[in-house]
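Have a look at the structure below before the remarks.
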Amino acid sequence: MTYRCNPSDMQLFALSILALTLFRWPAAQTRKRGKVLREPGAGPGLLIVEGQQFPFSSNDLWKTEMPPKVGMVVEAEFNRDGQLVAIRAIAESGGASRSRPAS
């Protein structure tokens, strides 16, 4: 027995495929680059990633021994729900080597 799809079934199928393509689940954790806008001190620090700002404190999310500084490039890690779960400093290429003398 062959099942024939009517136009409304085909539309529903096409919309389902489109929704799955556009709104697919992200990986378990996603890592993105960001920049520190404000150091934590009297209040929370502030991080910007892809135009979105995230408050943070050094005690819970900051995973690097070096303290956060304004302008520091970081790797922000997000969970499946898009919540910020970790921040790590990224050594910029050429930044550290300029301060050392050449040998």
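Ordered as shown in the structure tokens, chains take letters A, B, and onward, while each chain numbers its residues from 1 and ligands are numbered from 1 in the order shown.
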
Could you give me, as a list in words, the residues within 7 Å of Gly34 of chain A, counting only C-alpha atoms and dropping anything in the same chain fewer than 2 positions from it?
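Close residues of Gly34 of chain A: Lys32, Val36, Leu47, Ile48, Val49, Val73, Val74, Glu75 and Ala76 of chain A.
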
Considering only C-alpha atoms, return as a PDB file with C-alpha atoms, in the first residue's frame whatever protein or nucleic-acid residues lie within 9 Å of Pro67 of chain A, sequence-local ones (same chain, fewer than 2 positions apart) excluded.
```pdb
ATOM      1  CA  GLU A  39      37.377  44.281  35.600  1.00  0.00           C
ATOM      2  CA  SER A  58      36.606  36.328  39.325  1.00  0.00           C
ATOM      3  CA  TRP A  62      37.282  33.095  35.706  1.00  0.00           C
ATOM      4  CA  THR A  64      42.914  31.663  34.504  1.00  0.00           C
ATOM      5  CA  GLU A  65      45.481  32.467  37.197  1.00  0.00           C
ATOM      6  CA  LYS A  69      42.173  43.244  32.683  1.00  0.00           C
ATOM      7  CA  ALA A  89      42.428  34.353  28.961  1.00  0.00           C
TER       8      ALA A  89
END
```

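Taking atom CA of Ser16 of chain A and atom CA of Gln29 of chain A as endpoints, the distance between them is 24.9 Å.
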
How far is it from atom CA of Leu46 of chain A to atom CA of Ala91 of chain A, in Å with one decimal?
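We find that atom CA of Leu46 of chain A and atom CA of Ala91 of chain A lie 19.1 Å from each other.
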
Please compute the atom CA of Ile17 of chain A-atom CA of Glu77 of chain A distance, one decimal, in Å.
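Answer for the atom CA of Ile17 of chain A to atom CA of Glu77 of chain A separation: 28.6 Å.
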
Would you mind writing down, as a ChimeraX atom specification, each residue of segment 28-71 of chain A that DSSP on the backbone assigns to strand (DSSP E)?
/A:29-38,45-49,52-56

Using the selection just defined, write its residues with N, CA and C atoms as a tab-separated table (two decimals), in the first residue's frame.
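Result written to result-v4.tsv:
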```
chain	number	residue	atom	x	y	z
A	29	GLN	N	28.90	22.06	24.58
A	29	GLN	CA	29.48	23.33	25.02
A	29	GLN	C	30.04	24.05	23.81
A	30	THR	N	29.90	25.36	23.81
A	30	THR	CA	30.37	26.18	22.71
A	30	THR	C	31.39	27.16	23.24
A	31	ARG	N	32.47	27.35	22.49
A	31	ARG	CA	33.50	28.31	22.89
A	31	ARG	C	33.56	29.43	21.87
A	32	LYS	N	33.59	30.67	22.38
A	32	LYS	CA	33.65	31.85	21.52
A	32	LYS	C	34.64	32.84	22.10
A	33	ARG	N	35.19	33.68	21.22
A	33	ARG	CA	36.10	34.72	21.68
A	33	ARG	C	35.33	35.94	22.14
A	34	GLY	N	35.88	36.60	23.15
A	34	GLY	CA	35.28	37.80	23.67
A	34	GLY	C	36.35	38.73	24.20
A	35	LYS	N	35.91	39.81	24.85
A	35	LYS	CA	36.85	40.80	25.38
A	35	LYS	C	36.31	41.32	26.71
A	36	VAL	N	37.23	41.54	27.65
A	36	VAL	CA	36.86	42.08	28.95
A	36	VAL	C	36.62	43.58	28.80
A	37	LEU	N	35.44	44.04	29.20
A	37	LEU	CA	35.11	45.47	29.15
A	37	LEU	C	35.32	46.14	30.50
A	38	ARG	N	35.11	45.38	31.58
A	38	ARG	CA	35.27	45.94	32.92
A	38	ARG	C	35.80	44.85	33.84
A	45	GLY	N	32.52	42.02	36.88
A	45	GLY	CA	33.21	42.36	35.66
A	45	GLY	C	32.23	42.28	34.51
A	46	LEU	N	32.66	42.75	33.33
A	46	LEU	CA	31.78	42.73	32.18
A	46	LEU	C	32.55	42.22	30.98
A	47	LEU	N	31.96	41.27	30.28
A	47	LEU	CA	32.56	40.61	29.13
A	47	LEU	C	31.65	40.84	27.93
A	48	ILE	N	32.22	41.05	26.74
A	48	ILE	CA	31.41	41.15	25.53
A	48	ILE	C	31.80	40.02	24.58
A	49	VAL	N	30.79	39.31	24.09
A	49	VAL	CA	30.98	38.21	23.15
A	49	VAL	C	29.92	38.37	22.05
A	52	GLN	N	27.08	40.75	22.65
A	52	GLN	CA	26.26	40.55	23.85
A	52	GLN	C	27.14	40.66	25.09
A	53	GLN	N	26.67	41.39	26.11
A	53	GLN	CA	27.43	41.58	27.33
A	53	GLN	C	27.03	40.59	28.41
A	54	PHE	N	28.05	40.12	29.16
A	54	PHE	CA	27.84	39.15	30.22
A	54	PHE	C	28.57	39.61	31.48
A	55	PRO	N	27.87	39.76	32.62
A	55	PRO	CA	28.57	40.06	33.88
A	55	PRO	C	29.26	38.80	34.39
A	56	PHE	N	30.38	38.99	35.10
A	56	PHE	CA	31.07	37.83	35.68
A	56	PHE	C	31.83	38.26	36.92
```

In terms of the shortest atom-to-atom distance over only C-alpha atoms, which of A:Ser57, A:Leu15, A:Thr2, A:Ser8 is closest to Val85 of chain A?
A:Ser57
